[in-house]
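For reference, final-v4.cif is printed below; it contains mmCIF, C-alpha atoms.
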data_work
loop_
_atom_site.label_atom_id
_atom_site.label_comp_id
_atom_site.auth_asym_id
_atom_site.auth_seq_id
_atom_site.Cartn_x
_atom_site.Cartn_y
_atom_site.Cartn_z
CA MET J 1 -19.01 -35.44 -17.52
CA THR J 2 -16.41 -33.22 -19.19
CA ALA J 3 -12.97 -32.34 -17.94
CA THR J 4 -12.40 -29.05 -16.17
CA PRO J 5 -10.39 -26.75 -18.49
CA GLY J 6 -6.72 -26.63 -17.55
CA THR J 7 -6.83 -29.95 -15.68
CA ASP J 8 -7.40 -33.63 -16.40
CA ARG J 9 -10.03 -33.89 -13.70
CA PRO J 10 -13.75 -34.19 -14.39
CA ALA J 11 -15.72 -30.99 -14.01
CA PRO J 12 -18.45 -30.88 -11.39
CA PRO J 13 -22.02 -31.12 -12.67
CA PRO J 14 -23.93 -27.89 -13.29
CA LEU J 15 -25.35 -26.36 -10.11
CA ALA J 16 -28.70 -24.69 -9.59
CA LEU J 17 -28.57 -21.32 -7.84
CA PRO J 18 -29.76 -22.66 -4.45
CA ASP J 19 -27.14 -25.43 -4.63
CA LEU J 20 -24.46 -22.90 -5.54
CA ALA J 21 -25.44 -20.68 -2.59
CA ARG J 22 -25.21 -23.65 -0.21
CA LEU J 23 -21.84 -24.65 -1.64
CA GLN J 24 -20.55 -21.09 -1.22
CA LYS J 25 -21.63 -21.04 2.43
CA ARG J 26 -20.00 -24.40 3.07
CA THR J 27 -16.79 -23.29 1.32
CA SER J 28 -16.70 -20.10 3.39
CA ARG J 29 -17.15 -22.04 6.63
CA VAL J 30 -14.29 -24.40 5.78
CA LEU J 31 -12.00 -21.50 4.82
CA MET J 32 -12.91 -19.60 7.98
CA ALA J 33 -12.14 -22.64 10.13
CA GLY J 34 -8.82 -22.97 8.32
CA GLN J 35 -8.08 -19.29 8.96
CA VAL J 36 -8.76 -19.67 12.68
CA LEU J 37 -6.28 -22.56 12.83
CA GLY J 38 -3.72 -21.28 10.32
CA GLY J 39 -4.03 -17.75 11.67
CA LEU J 40 -3.12 -19.09 15.11
CA GLY J 41 0.02 -20.88 13.92
CA VAL J 42 1.80 -17.83 12.53
CA PRO J 43 1.44 -15.31 15.42
CA ILE J 44 2.16 -17.92 18.10
CA SER J 45 5.65 -18.29 16.65
CA ILE J 46 6.48 -15.03 14.96
CA ALA J 47 6.36 -13.13 18.26
CA LEU J 48 9.46 -15.00 19.46
CA ALA J 49 11.30 -15.13 16.11
CA PRO J 50 13.57 -12.12 16.89
CA VAL J 51 14.43 -13.56 20.32
CA LEU J 52 15.22 -16.94 18.80
CA ALA J 53 17.37 -15.33 16.11
CA THR J 54 19.37 -13.51 18.79
CA GLU J 55 19.93 -16.73 20.74
CA VAL J 56 21.02 -18.72 17.68
CA SER J 57 23.21 -16.02 16.10
CA GLY J 58 24.65 -14.74 19.36
CA THR J 59 24.04 -11.09 18.47
CA GLU J 60 21.05 -8.79 18.67
CA ALA J 61 22.14 -7.12 15.42
CA LEU J 62 20.75 -10.10 13.47
CA SER J 63 17.47 -10.37 15.38
CA GLY J 64 15.39 -8.84 12.60
CA PHE J 65 16.60 -11.26 9.95
CA ALA J 66 14.27 -14.06 11.08
CA SER J 67 11.12 -12.03 10.50
CA THR J 68 12.56 -10.69 7.25
CA ALA J 69 13.22 -14.24 6.03
CA SER J 70 9.60 -15.13 6.77
CA VAL J 71 8.33 -12.15 4.76
CA ILE J 72 10.65 -13.04 1.87
CA GLY J 73 9.44 -16.65 1.99
CA THR J 74 5.82 -15.48 1.87
CA ALA J 75 6.57 -13.38 -1.21
CA LEU J 76 8.65 -16.02 -3.01
CA VAL J 77 6.07 -18.77 -2.64
CA SER J 78 3.20 -16.59 -3.92
CA LEU J 79 3.75 -17.15 -7.64
CA PRO J 80 4.53 -20.91 -7.49
CA LEU J 81 1.48 -21.32 -5.26
CA ALA J 82 -0.63 -19.36 -7.74
CA ALA J 83 0.71 -21.48 -10.61
CA LEU J 84 -0.25 -24.68 -8.79
CA MET J 85 -3.72 -23.35 -8.01
CA THR J 86 -4.11 -22.22 -11.59
CA ALA J 87 -3.32 -25.73 -12.81
CA ARG J 88 -4.91 -27.87 -10.08
CA GLY J 89 -7.25 -25.75 -7.97
CA ARG J 90 -7.27 -24.11 -4.56
CA ARG J 91 -7.16 -27.25 -2.42
CA PRO J 92 -3.78 -28.70 -3.50
CA GLY J 93 -2.19 -25.25 -3.42
CA LEU J 94 -3.35 -24.46 0.11
CA VAL J 95 -2.48 -27.93 1.41
CA LEU J 96 1.04 -27.76 -0.06
CA ALA J 97 1.62 -24.29 1.39
CA TYR J 98 0.66 -25.41 4.90
CA ALA J 99 2.85 -28.50 4.48
CA ILE J 100 5.83 -26.32 3.53
CA GLY J 101 5.07 -24.10 6.52
CA ALA J 102 5.09 -27.14 8.82
CA VAL J 103 8.43 -28.30 7.41
CA GLY J 104 9.79 -24.78 7.87
CA ALA J 105 8.70 -24.78 11.52
CA GLY J 106 10.49 -28.10 11.97
CA LEU J 107 13.67 -26.68 10.44
CA VAL J 108 13.49 -23.71 12.81
CA VAL J 109 13.29 -26.09 15.78
CA LEU J 110 16.25 -28.08 14.45
CA ALA J 111 18.24 -24.88 13.84
CA ALA J 112 17.56 -23.71 17.39
CA THR J 113 18.68 -27.05 18.78
CA VAL J 114 21.97 -27.18 16.86
CA LYS J 115 22.52 -23.37 16.88
CA ASN J 116 22.69 -23.03 13.09
CA PHE J 117 21.70 -19.52 11.96
CA PRO J 118 21.59 -20.13 8.15
CA LEU J 119 19.32 -23.14 8.78
CA LEU J 120 17.13 -20.91 10.95
CA LEU J 121 16.74 -18.42 8.08
CA LEU J 122 15.91 -21.24 5.66
CA GLY J 123 13.30 -22.56 8.07
CA MET J 124 11.76 -19.11 8.54
CA ALA J 125 11.56 -18.64 4.76
CA ALA J 126 9.69 -21.95 4.43
CA PHE J 127 7.58 -20.99 7.44
CA GLY J 128 6.39 -17.98 5.41
CA ALA J 129 4.53 -20.34 3.05
CA ALA J 130 1.84 -20.74 5.72
CA SER J 131 1.33 -16.97 5.71
CA SER J 132 0.93 -17.13 1.94
CA ALA J 133 -1.76 -19.80 2.36
CA ASN J 134 -3.58 -17.61 4.87
CA LEU J 135 -3.53 -14.73 2.38
CA GLN J 136 -4.66 -16.82 -0.59
CA ALA J 137 -7.63 -18.20 1.37
CA ARG J 138 -9.39 -14.83 1.05
CA PHE J 139 -9.43 -15.21 -2.71
CA ALA J 140 -10.73 -18.77 -2.49
CA ALA J 141 -13.74 -17.39 -0.64
CA ALA J 142 -14.53 -15.17 -3.63
CA ASP J 143 -14.43 -17.94 -6.26
CA LEU J 144 -18.11 -18.87 -5.96
CA ALA J 145 -19.46 -15.62 -4.49
CA ALA J 146 -21.90 -13.49 -6.46
CA PRO J 147 -20.26 -10.25 -7.65
CA ASP J 148 -22.41 -8.12 -5.35
CA ARG J 149 -21.38 -10.20 -2.31
CA ARG J 150 -17.76 -10.84 -3.24
CA ALA J 151 -16.22 -8.27 -0.89
CA ARG J 152 -18.25 -9.64 2.03
CA ALA J 153 -17.06 -13.17 1.27
CA ILE J 154 -13.45 -11.98 1.32
CA SER J 155 -13.98 -9.92 4.47
CA LEU J 156 -15.39 -12.86 6.46
CA VAL J 157 -12.24 -14.89 5.83
CA VAL J 158 -10.09 -11.90 6.82
CA TRP J 159 -12.24 -11.44 9.94
CA SER J 160 -11.81 -15.07 10.97
CA SER J 161 -8.08 -14.37 11.38
CA THR J 162 -8.90 -12.19 14.40
CA LEU J 163 -8.90 -15.02 16.92
CA GLY J 164 -5.48 -16.30 15.92
CA ALA J 165 -4.00 -12.81 15.56
CA VAL J 166 -5.09 -11.86 19.09
CA LEU J 167 -4.55 -15.17 20.87
CA GLY J 168 -1.34 -16.23 19.10
CA PRO J 169 1.13 -13.87 20.80
CA ASN J 170 -0.47 -14.60 24.18
CA LEU J 171 0.05 -18.34 23.69
CA SER J 172 3.77 -17.94 22.99
CA ALA J 173 4.70 -18.09 26.68
CA PRO J 174 2.81 -21.32 27.53
CA ALA J 175 4.02 -22.87 24.27
CA SER J 176 7.59 -22.09 25.33
CA ARG J 177 7.13 -23.45 28.86
CA SER J 178 5.71 -26.71 27.53
CA PHE J 179 9.22 -27.71 26.40
CA ALA J 180 11.04 -26.72 29.57
CA GLY J 181 13.52 -29.41 30.58
CA THR J 182 13.71 -30.95 27.09
CA SER J 183 16.44 -30.77 24.46
CA ILE J 184 14.31 -28.26 22.52
CA PRO J 185 15.05 -24.64 23.52
CA GLU J 186 12.04 -22.99 25.10
CA THR J 187 12.04 -20.18 22.53
CA ALA J 188 11.63 -22.81 19.79
CA GLY J 189 8.66 -24.45 21.54
CA PRO J 190 6.02 -22.31 19.77
CA PHE J 191 7.33 -23.51 16.40
CA VAL J 192 6.57 -27.12 17.40
CA TRP J 193 3.02 -26.04 18.15
CA ALA J 194 2.89 -24.15 14.85
CA ALA J 195 3.99 -27.23 12.90
CA VAL J 196 1.16 -29.24 14.45
CA VAL J 197 -1.34 -26.44 13.73
CA PHE J 198 -0.27 -26.25 10.08
CA VAL J 199 -0.60 -30.02 9.64
CA LEU J 200 -4.11 -29.90 11.12
CA THR J 201 -5.05 -26.96 8.91
CA GLY J 202 -3.79 -28.69 5.78
CA ALA J 203 -5.71 -31.84 6.69
CA LEU J 204 -8.89 -29.85 7.23
CA ILE J 205 -8.55 -28.18 3.83
CA ALA J 206 -7.70 -31.47 2.10
CA VAL J 207 -10.72 -33.29 3.52
CA LEU J 208 -13.41 -30.61 3.61
CA LEU J 209 -12.70 -28.14 0.78
CA ARG J 210 -14.61 -30.24 -1.75
CA PRO J 211 -15.55 -29.66 -4.49
CA ASP J 212 -12.70 -27.31 -5.21
CA PRO J 213 -14.13 -23.76 -5.44
CA LEU J 214 -11.80 -22.57 -8.19
CA LEU J 215 -12.41 -25.59 -10.44
CA THR J 216 -16.15 -25.31 -9.81
CA ALA J 217 -16.11 -21.61 -10.71
CA ARG J 218 -14.27 -22.42 -13.94
CA ALA J 219 -16.82 -25.07 -14.84
CA LEU J 220 -19.59 -22.49 -14.39
CA ALA J 221 -17.76 -19.77 -16.33
CA ALA J 222 -18.75 -18.56 -19.79
CA PRO J 223 -17.42 -20.77 -22.61
CA GLU J 224 -15.07 -18.08 -23.91
CA GLU J 225 -13.24 -18.05 -20.55
CA ARG J 226 -12.59 -21.80 -20.53
CA THR J 227 -9.22 -21.75 -22.25
CA ARG J 228 -5.94 -23.27 -21.16
CA GLU J 229 -4.14 -20.22 -22.49
CA GLY J 230 -5.84 -18.08 -19.85
CA HIS J 231 -4.59 -20.25 -16.98
CA SER J 232 -0.97 -19.05 -16.87
CA ILE J 233 1.05 -16.49 -14.95
CA ARG J 234 1.81 -14.74 -18.24
CA ALA J 235 -1.92 -14.47 -18.94
CA GLY J 236 -2.41 -13.06 -15.45
CA ILE J 237 0.16 -10.33 -16.06
CA ALA J 238 -1.50 -9.54 -19.40
CA ALA J 239 -4.89 -9.34 -17.68
CA VAL J 240 -3.58 -6.75 -15.20
CA ARG J 241 -2.02 -4.71 -17.98
CA ALA J 242 -5.31 -4.74 -19.90
CA SER J 243 -7.47 -3.56 -16.98
CA PRO J 244 -7.05 -0.10 -15.39
CA ARG J 245 -9.17 -1.23 -12.45
CA ALA J 246 -6.95 -4.28 -11.91
CA ARG J 247 -3.89 -2.02 -11.84
CA LEU J 248 -5.58 0.18 -9.26
CA ALA J 249 -6.48 -2.88 -7.18
CA LEU J 250 -2.91 -4.16 -7.28
CA LEU J 251 -1.57 -0.76 -6.23
CA THR J 252 -4.15 -0.44 -3.45
CA VAL J 253 -3.30 -3.76 -1.85
CA ALA J 254 0.45 -3.14 -2.09
CA VAL J 255 0.38 0.46 -0.81
CA SER J 256 -2.09 -0.22 2.01
CA HIS J 257 0.00 -3.13 3.26
CA THR J 258 3.34 -1.32 2.89
CA THR J 259 2.12 1.80 4.68
CA MET J 260 0.70 -0.27 7.52
CA VAL J 261 3.78 -2.44 7.97
CA SER J 262 6.27 0.44 7.73
CA ILE J 263 4.56 2.46 10.47
CA MET J 264 3.51 -0.45 12.67
CA VAL J 265 6.94 -2.09 13.01
CA MET J 266 8.51 1.10 14.39
CA THR J 267 5.66 2.13 16.69
CA PRO J 268 6.83 0.00 19.66
CA VAL J 269 10.25 1.64 19.39
CA ASP J 270 8.72 5.13 19.39
CA LEU J 271 6.45 4.27 22.32
CA GLY J 272 9.50 3.06 24.24
CA HIS J 273 11.26 6.35 23.55
CA HIS J 274 8.33 8.10 25.24
CA GLY J 275 8.29 5.95 28.34
CA ALA J 276 5.71 3.30 27.43
CA GLY J 277 6.13 -0.08 29.11
CA LEU J 278 5.62 -3.48 27.53
CA GLU J 279 2.02 -3.73 28.76
CA LEU J 280 1.06 -0.44 27.11
CA VAL J 281 2.87 -1.39 23.91
CA GLY J 282 0.94 -4.65 23.90
CA LEU J 283 -2.38 -2.83 24.32
CA VAL J 284 -1.59 -0.44 21.45
CA ILE J 285 -0.64 -3.31 19.13
CA SER J 286 -3.75 -5.28 20.20
CA GLY J 287 -5.89 -2.28 19.28
CA HIS J 288 -4.11 -2.10 15.93
CA ILE J 289 -4.80 -5.80 15.26
CA ALA J 290 -8.45 -5.29 16.20
CA GLY J 291 -8.64 -2.52 13.62
CA MET J 292 -7.09 -4.77 10.99
CA PHE J 293 -9.38 -7.78 11.39
CA ALA J 294 -12.39 -7.21 13.61
CA PHE J 295 -14.07 -4.66 11.35
CA SER J 296 -13.39 -6.33 8.00
CA PRO J 297 -17.05 -7.49 7.59
CA LEU J 298 -18.08 -3.82 7.78
CA MET J 299 -15.53 -2.98 5.07
CA GLY J 300 -16.84 -5.84 2.93
CA TRP J 301 -20.43 -4.65 3.33
CA LEU J 302 -19.43 -1.10 2.42
CA ALA J 303 -17.45 -2.28 -0.62
CA ASP J 304 -20.44 -4.26 -1.89
CA ARG J 305 -23.00 -1.53 -1.15
CA LEU J 306 -21.09 1.66 -1.95
CA GLY J 307 -18.55 0.31 -4.45
CA ARG J 308 -14.91 -0.73 -4.40
CA LEU J 309 -13.55 2.69 -5.39
CA THR J 310 -15.43 4.43 -2.59
CA VAL J 311 -13.91 2.14 0.04
CA ILE J 312 -10.45 2.52 -1.53
CA GLY J 313 -10.89 6.27 -1.04
CA LEU J 314 -11.91 5.57 2.55
CA ALA J 315 -8.74 3.49 3.00
CA ALA J 316 -6.57 6.35 1.74
CA GLY J 317 -8.30 8.74 4.14
CA LEU J 318 -8.04 6.47 7.18
CA LEU J 319 -4.38 5.67 6.55
CA SER J 320 -3.56 9.37 6.08
CA VAL J 321 -5.27 10.36 9.34
CA ALA J 322 -3.55 7.46 11.10
CA ALA J 323 -0.13 8.63 9.92
CA LEU J 324 -0.93 12.20 11.03
CA LEU J 325 -2.05 11.12 14.51
CA ALA J 326 0.77 8.64 15.11
CA GLY J 327 3.47 10.86 13.64
CA THR J 328 2.53 13.84 15.82
CA ALA J 329 1.63 11.90 19.00
CA GLY J 330 4.93 12.38 20.83
CA PRO J 331 4.37 11.50 24.50
CA SER J 332 0.57 11.21 24.04
CA HIS J 333 0.08 7.45 24.20
CA GLY J 334 -3.66 7.77 23.66
CA ARG J 335 -3.03 9.60 20.38
CA SER J 336 -0.61 6.87 19.32
CA ALA J 337 -3.16 4.18 20.17
CA LEU J 338 -5.86 5.93 18.12
CA GLY J 339 -3.47 6.35 15.21
CA LEU J 340 -2.53 2.67 15.25
CA PHE J 341 -6.18 1.62 15.46
CA LEU J 342 -7.02 3.75 12.42
CA LEU J 343 -3.94 2.36 10.67
CA GLY J 344 -5.38 -1.13 11.06
CA LEU J 345 -8.82 0.03 9.96
CA GLY J 346 -7.39 1.66 6.83
CA TRP J 347 -5.46 -1.52 6.04
CA SER J 348 -8.68 -3.51 6.34
CA ALA J 349 -10.53 -1.18 3.95
CA GLY J 350 -7.72 -1.27 1.38
CA MET J 351 -7.18 -5.03 1.61
CA VAL J 352 -10.85 -6.01 1.32
CA ALA J 353 -11.84 -3.48 -1.36
CA GLY J 354 -8.61 -3.97 -3.33
CA SER J 355 -8.89 -7.77 -3.26
CA ALA J 356 -12.52 -7.64 -4.38
CA LEU J 357 -11.77 -5.14 -7.16
CA LEU J 358 -8.87 -7.29 -8.38
CA THR J 359 -11.14 -10.34 -8.60
CA ASP J 360 -13.85 -8.32 -10.36
CA SER J 361 -11.53 -6.84 -12.94
CA VAL J 362 -9.87 -9.83 -14.62
CA PRO J 363 -11.29 -12.84 -16.51
CA GLN J 364 -12.12 -15.87 -14.40
CA ALA J 365 -9.40 -17.97 -16.06
CA ALA J 366 -6.65 -15.55 -15.03
CA ARG J 367 -7.80 -14.83 -11.48
CA ALA J 368 -5.62 -17.30 -9.58
CA ALA J 369 -2.50 -16.09 -11.39
CA VAL J 370 -3.38 -12.42 -10.84
CA GLN J 371 -4.09 -13.04 -7.16
CA GLY J 372 -0.71 -14.69 -6.73
CA LEU J 373 0.92 -11.74 -8.47
CA SER J 374 -0.92 -9.43 -6.06
CA ASP J 375 0.43 -11.21 -2.98
CA LEU J 376 3.95 -11.27 -4.43
CA THR J 377 3.81 -7.52 -5.07
CA MET J 378 2.26 -6.79 -1.68
CA ASN J 379 4.74 -8.79 0.38
CA THR J 380 7.79 -7.64 -1.59
CA ALA J 381 6.79 -3.99 -1.20
CA ALA J 382 6.09 -4.47 2.51
CA GLY J 383 9.43 -6.21 3.00
CA VAL J 384 11.26 -3.27 1.44
CA GLY J 385 9.11 -0.82 3.41
CA GLY J 386 9.74 -2.58 6.70
CA ALA J 387 13.49 -2.60 6.10
CA ALA J 388 13.51 1.06 5.04
CA ALA J 389 11.42 2.04 8.08
CA GLY J 390 14.31 1.33 10.45
CA VAL J 391 16.68 3.46 8.42
CA ILE J 392 14.23 6.37 8.21
CA MET J 393 13.47 6.09 11.92
CA SER J 394 17.14 6.16 12.90
CA GLN J 395 18.05 9.01 10.54
CA ALA J 396 15.00 11.27 10.64
CA GLY J 397 12.65 10.08 13.39
CA TYR J 398 9.22 8.56 13.74
CA GLY J 399 7.38 11.66 12.55
CA TRP J 400 9.16 11.63 9.21
CA LEU J 401 8.54 7.89 8.89
CA ASN J 402 4.81 8.55 9.10
CA ALA J 403 5.13 11.39 6.59
CA VAL J 404 6.85 9.06 4.13
CA GLY J 405 4.18 6.41 4.75
CA ALA J 406 1.44 8.94 4.05
CA SER J 407 3.19 10.06 0.84
CA LEU J 408 2.87 6.53 -0.52
CA LEU J 409 -0.90 7.02 -0.50
CA LEU J 410 -0.82 9.91 -2.98
CA PRO J 411 -0.41 7.82 -6.17
CA MET J 412 -3.06 5.38 -4.90
CA ALA J 413 -5.57 8.17 -4.27
CA ALA J 414 -4.74 9.88 -7.59
CA LEU J 415 -5.16 6.65 -9.56
CA ALA J 416 -8.46 5.94 -7.78
CA LEU J 417 -9.83 9.37 -8.80
CA PHE J 418 -8.57 8.93 -12.36
CA THR J 419 -10.07 5.45 -12.61
CA ALA J 420 -13.41 6.61 -11.20
CA ARG J 421 -13.64 9.26 -13.92
CA ARG J 422 -12.21 7.40 -16.90
CA HIS J 423 -13.24 3.82 -16.09
CA PRO J 424 -16.28 4.06 -13.77
CA ALA J 425 -17.24 0.42 -14.18
CA ASP J 426 -15.85 -2.80 -15.54
CA PRO J 427 -18.33 -4.73 -17.71
CA LYS J 428 -17.48 -7.97 -15.91
CA GLY J 429 -17.21 -6.48 -12.43
CA VAL J 430 -19.04 -4.38 -9.92
CA SER J 431 -19.43 -0.66 -10.44
CA GLY J 432 -17.07 1.48 -8.48
#
Go ahead and express the file in the form of structure tokens.
Amino acid sequence: MTATPGTDRPAPPPLALPDLARLQKRTSRVLMAGQVLGGLGVPISIALAPVLATEVSGTEALSGFASTASVIGTALVSLPLAALMTARGRRPGLVLAYAIGAVGAGLVVLAATVKNFPLLLLGMAAFGAASSANLQARFAAADLAAPDRRARAISLVVWSSTLGAVLGPNLSAPASRSFAGTSIPETAGPFVWAAVVFVLTGALIAVLLRPDPLLTARALAAPEERTREGHSIRAGIAAVRASPRARLALLTVAVSHTTMVSIMVMTPVDLGHHGAGLELVGLVISGHIAGMFAFSPLMGWLADRLGRLTVIGLAAGLLSVAALLAGTAGPSHGRSALGLFLLGLGWSAGMVAGSALLTDSVPQAARAAVQGLSDLTMNTAAGVGGAAAGVIMSQAGYGWLNAVGASLLLPMAALALFTARRHPADPKGVSG
């Protein structure tokens, strides 16, 4: 048995196609179970992060810094996590990320107890590692998938986040009450639950994600792709530069996520300006989350059947219509709700098709590095967009915020049309 390139571990034995199909199904089931758990840990806590930040800092002006620290942590850990996966496989990278997230949740609880705001920000940054693990899991699902089913494999992992995304915020209140009468502040209670969830998720991945899908995919790759030189972040950047379709995929994921985040974070504020109560705001955001996750299998099926570029075009269209509806809704809460639902649906189309196209468009050896670069770019852009959204909202209004969000889609749509004409298919990928 030979060693897997880029590691000192033995490579798995060659697999027949039926065995490979069974392994892919088993890998997908494990990743989906991990997403249900891990996807529950983040929303259950993040809903109360601004409240906790206000309590610890003593001022509402700093309430947004906790969520911002989490987004920054998610972005910062993306490349180190990709480097670890590149060297050692998906399993150790995902397990470490959930472990860091659990430690971060513990630091948040400690910071809330001793009223230390810098420690709270540090904990929230580490907490963001769990979000990075949730994002990277979608790529792990594609490692062993056939090219014509790759988008569906990614979409199923994205879809499995639905349960946690919907239930998480609703569990925040009981998680808080469970620590009533203890030395732990009630607003920090959900972070204790999150730490336990992340530990369980990491244990599940460590025990059941075997054999490692990335190492197995490398062992099955063509001989010319089995080089140590291809397993580096530098090689990943070179792979993106060399592939027009990879550049489009990177732009699609970043723009779709930034547009969605920028509009979504200010929608509750706009709804409040037009008389919406908390219950209505909650319903609108729930509809938005349903659009993001519940229909991702449909987007995966479309991306595999119609092509990645077609669904990227669909994403640009959905996001543009969403911005138009939300930005012109005014006091029409139904129009706002429809706009936010389509915003989530457009995000789903862009995320699934962009992630699949990115995996298609680079050599197998460089995929983990490129995928980490994608998440770094996506989260950094969204962090800037979310911060800028508040400024635009306060200076120009919600309508102009949506107009700016829609304008971000123009270079994505233009590059998609250019790529479809000049580079209609990648020899190693799926036709557009």
Written as a ChimeraX atom specification, which residues does the PyMOL selection byres ((chain J and resi 288) around 7) give for the file shown? /J:284-287,289-292,340-341,343-344
List as a ChimeraX atom specification the protein and nucleic acid residues near Val261 (chain J), meaning an atom at most 8 Å away when all atoms listed in the file are counted, but skip any in the same chain fewer than 3 places from it. /J:257-258,264-265,382,385-386
Residue among J:Ala420, J:Met124, J:Ala365, J:Val95 lying closest to Ala203 (chain J), counting all atoms listed in the file: J:Val95
Translate the PyMOL selection byres ((chain J and resi 294) around 9), as applied to the file shown, into an explicit residue set as an NGL selection string. :J and (158-162 or 289-293 or 295-298 or 345 or 348)
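Here CA of Leu122 (chain J) and CA of Gly41 (chain J) stand 17.9 Å from one another.
Nearest-residue note for Phe139 (chain J): choosing from J:Val370, J:Ile233, J:Ile392, J:Ala75, the minimum distance belongs to J:Val370, counting all atoms listed in the file.
Against this structure, the PyMOL selection byres ((chain J and resi 56) around 8) ends up with Leu52, Ala53, Thr54, Glu55, Ser57, Gly58, Ala111, Ala112, Lys115, Asn116 and Phe117 of chain J.
Distance-wise, CA of Ala413 (chain J) and CA of Ala238 (chain J) end up 23.6 Å apart.
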Selection near Ala353 (chain J), 8 Å with all atoms listed in the file, sequence-local residues under 3 positions removed, as a list of chain:residue names: J:Ala151, J:Ala249, J:Met299, J:Gly300, J:Ala303, J:Arg308, J:Leu309, J:Val311, J:Ile312, J:Ala349, J:Gly350, J:Ala356, J:Leu357
